[in-house]
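Novice: Once you've had a glance at the structure underneath, I'll fire off some questions.
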Amino acid sequence: MNENEIEILKRIDSKLGALIALGMIEDKPSTNREKIKLLSDLGLNYNDIASILNANPGYISKEKALLKKKDG
């Protein structure tokens with residue numbers, strides 16, 4: 001197995017883990033900011049979160065920065 005295939009498998013594993021965790025949550029997030037926080041906490045990167053939410057990675061970056069500022 002080459003490095004590219006290993007990286008693809010790692011991304012698939014990460015996304016499957018996030019899907020399983022999302023399925024176990026009773027109170028689903030309602031706002032994009034809540035969804036971004038949850039997906040980020042589950043270990044997904046900007047591009048994966050943007051893809052899932054059908055959003056621009058720049059928007060995800062901005063929202064994560066606002067969340068970090070709010071928590072800090």
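Naming scheme: A, B, ... for chains in displayed order of the structure tokens; residues 1 onward per chain; ligands 1 onward as shown.
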Using backbone DSSP assignments, extract all alpha helix (DSSP H) residues from chain A; output them as a compact mmCIF listing (two decimals) with N, CA and C atoms, in the first residue's frame.
Specialist:
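Wrote it out as result_13.txt, contents follow:
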```txt
# COMPACT_ATOMS: atom_id res chain seq x y z
N GLU A 3 1.67 5.56 0.15
CA GLU A 3 1.30 6.62 1.10
C GLU A 3 -0.03 7.28 0.76
N ASN A 4 -0.34 7.43 -0.53
CA ASN A 4 -1.60 8.04 -0.94
C ASN A 4 -2.78 7.18 -0.50
N GLU A 5 -2.66 5.87 -0.68
CA GLU A 5 -3.74 4.97 -0.26
C GLU A 5 -3.92 4.99 1.26
N ILE A 6 -2.82 5.06 1.98
CA ILE A 6 -2.89 5.13 3.44
C ILE A 6 -3.59 6.41 3.89
N GLU A 7 -3.25 7.53 3.23
CA GLU A 7 -3.89 8.81 3.56
C GLU A 7 -5.39 8.77 3.28
N ILE A 8 -5.77 8.16 2.18
CA ILE A 8 -7.19 8.04 1.84
C ILE A 8 -7.91 7.20 2.90
N LEU A 9 -7.31 6.11 3.31
CA LEU A 9 -7.92 5.26 4.35
C LEU A 9 -8.05 6.01 5.67
N LYS A 10 -7.06 6.82 6.02
CA LYS A 10 -7.13 7.61 7.25
C LYS A 10 -8.28 8.61 7.18
N ARG A 11 -8.47 9.25 6.02
CA ARG A 11 -9.57 10.21 5.87
C ARG A 11 -10.92 9.51 5.95
N ILE A 12 -11.03 8.34 5.35
CA ILE A 12 -12.26 7.57 5.41
C ILE A 12 -12.56 7.18 6.86
N ASP A 13 -11.53 6.72 7.57
CA ASP A 13 -11.69 6.34 8.97
C ASP A 13 -12.16 7.51 9.81
N SER A 14 -11.57 8.67 9.57
CA SER A 14 -11.95 9.88 10.31
C SER A 14 -13.41 10.24 10.05
N LYS A 15 -13.81 10.19 8.80
CA LYS A 15 -15.20 10.54 8.46
C LYS A 15 -16.18 9.52 9.01
N LEU A 16 -15.84 8.24 8.96
CA LEU A 16 -16.73 7.22 9.53
C LEU A 16 -16.87 7.40 11.04
N GLY A 17 -15.77 7.70 11.70
CA GLY A 17 -15.83 7.95 13.14
C GLY A 17 -16.73 9.11 13.46
N ALA A 18 -16.65 10.17 12.66
CA ALA A 18 -17.52 11.34 12.87
C ALA A 18 -18.98 10.97 12.65
N LEU A 19 -19.26 10.19 11.61
CA LEU A 19 -20.64 9.79 11.35
C LEU A 19 -21.21 8.95 12.49
N ILE A 20 -20.41 8.04 13.01
CA ILE A 20 -20.86 7.22 14.13
C ILE A 20 -21.14 8.10 15.35
N ALA A 21 -20.24 9.02 15.64
CA ALA A 21 -20.43 9.91 16.78
C ALA A 21 -21.67 10.78 16.60
N LEU A 22 -21.89 11.28 15.38
CA LEU A 22 -23.07 12.10 15.12
C LEU A 22 -24.35 11.31 15.33
N GLY A 23 -24.34 10.05 14.95
CA GLY A 23 -25.51 9.21 15.13
C GLY A 23 -25.85 8.96 16.58
N MET A 24 -24.87 9.10 17.46
CA MET A 24 -25.07 8.83 18.88
C MET A 24 -25.51 10.06 19.66
N ASN A 32 -25.14 26.43 11.93
CA ASN A 32 -23.90 26.05 11.28
C ASN A 32 -22.72 26.14 12.24
N ARG A 33 -22.71 27.15 13.09
CA ARG A 33 -21.61 27.32 14.04
C ARG A 33 -21.54 26.12 14.99
N GLU A 34 -22.69 25.65 15.47
CA GLU A 34 -22.72 24.48 16.34
C GLU A 34 -22.24 23.23 15.59
N LYS A 35 -22.65 23.12 14.34
CA LYS A 35 -22.24 21.98 13.51
C LYS A 35 -20.73 22.01 13.28
N ILE A 36 -20.20 23.20 13.00
CA ILE A 36 -18.77 23.36 12.77
C ILE A 36 -18.00 22.97 14.02
N LYS A 37 -18.45 23.42 15.17
CA LYS A 37 -17.78 23.09 16.43
C LYS A 37 -17.79 21.59 16.66
N LEU A 38 -18.93 20.97 16.48
CA LEU A 38 -19.05 19.54 16.69
C LEU A 38 -18.14 18.76 15.75
N LEU A 39 -18.20 19.08 14.46
CA LEU A 39 -17.38 18.37 13.48
C LEU A 39 -15.90 18.59 13.72
N SER A 40 -15.55 19.79 14.13
CA SER A 40 -14.16 20.09 14.44
C SER A 40 -13.72 19.30 15.68
N ASP A 41 -14.58 19.24 16.69
CA ASP A 41 -14.27 18.48 17.89
C ASP A 41 -14.11 16.98 17.58
N TYR A 46 -10.84 21.55 7.98
CA TYR A 46 -11.64 22.60 7.32
C TYR A 46 -12.30 22.09 6.05
N ASN A 47 -11.52 21.43 5.21
CA ASN A 47 -12.05 20.99 3.91
C ASN A 47 -13.13 19.93 4.07
N ASP A 48 -12.95 19.02 5.02
CA ASP A 48 -13.97 18.00 5.24
C ASP A 48 -15.26 18.61 5.79
N ILE A 49 -15.12 19.54 6.73
CA ILE A 49 -16.29 20.22 7.29
C ILE A 49 -17.00 21.02 6.20
N ALA A 50 -16.23 21.73 5.39
CA ALA A 50 -16.81 22.51 4.29
C ALA A 50 -17.56 21.61 3.33
N SER A 51 -16.99 20.46 3.03
CA SER A 51 -17.64 19.53 2.12
C SER A 51 -18.94 19.00 2.70
N ILE A 52 -18.94 18.65 3.96
CA ILE A 52 -20.14 18.12 4.63
C ILE A 52 -21.24 19.17 4.68
N LEU A 53 -20.87 20.41 4.98
CA LEU A 53 -21.87 21.48 5.14
C LEU A 53 -22.14 22.24 3.84
N PRO A 57 -14.41 26.67 2.56
CA PRO A 57 -13.46 26.45 3.65
C PRO A 57 -13.08 27.75 4.37
N GLY A 58 -13.08 28.87 3.67
CA GLY A 58 -12.80 30.16 4.31
C GLY A 58 -13.86 30.51 5.34
N TYR A 59 -15.11 30.21 5.03
CA TYR A 59 -16.20 30.43 5.98
C TYR A 59 -16.01 29.56 7.22
N ILE A 60 -15.61 28.31 7.02
CA ILE A 60 -15.38 27.40 8.13
C ILE A 60 -14.25 27.93 9.01
N SER A 61 -13.18 28.41 8.37
CA SER A 61 -12.04 28.97 9.09
C SER A 61 -12.47 30.16 9.94
N LYS A 62 -13.27 31.04 9.36
CA LYS A 62 -13.74 32.23 10.08
C LYS A 62 -14.60 31.83 11.28
N GLU A 63 -15.50 30.90 11.09
CA GLU A 63 -16.38 30.46 12.18
C GLU A 63 -15.58 29.78 13.29
N LYS A 64 -14.57 28.98 12.91
CA LYS A 64 -13.73 28.34 13.93
C LYS A 64 -12.95 29.37 14.73
N ALA A 65 -12.49 30.44 14.05
CA ALA A 65 -11.78 31.51 14.74
C ALA A 65 -12.71 32.22 15.72
N LEU A 66 -13.95 32.45 15.33
CA LEU A 66 -14.92 33.09 16.22
C LEU A 66 -15.23 32.18 17.42
N LEU A 67 -15.31 30.89 17.18
CA LEU A 67 -15.55 29.96 18.28
C LEU A 67 -14.38 29.95 19.25
N LYS A 68 -13.18 29.97 18.70
CA LYS A 68 -11.98 29.98 19.54
C LYS A 68 -11.91 31.28 20.37
N LYS A 69 -12.26 32.38 19.73
CA LYS A 69 -12.24 33.69 20.43
C LYS A 69 -13.28 33.68 21.56
N LYS A 70 -14.45 33.12 21.27
CA LYS A 70 -15.52 33.06 22.26
C LYS A 70 -15.12 32.19 23.45
N ASP A 71 -14.45 31.08 23.19
CA ASP A 71 -14.02 30.18 24.26
C ASP A 71 -12.83 30.72 25.03
```
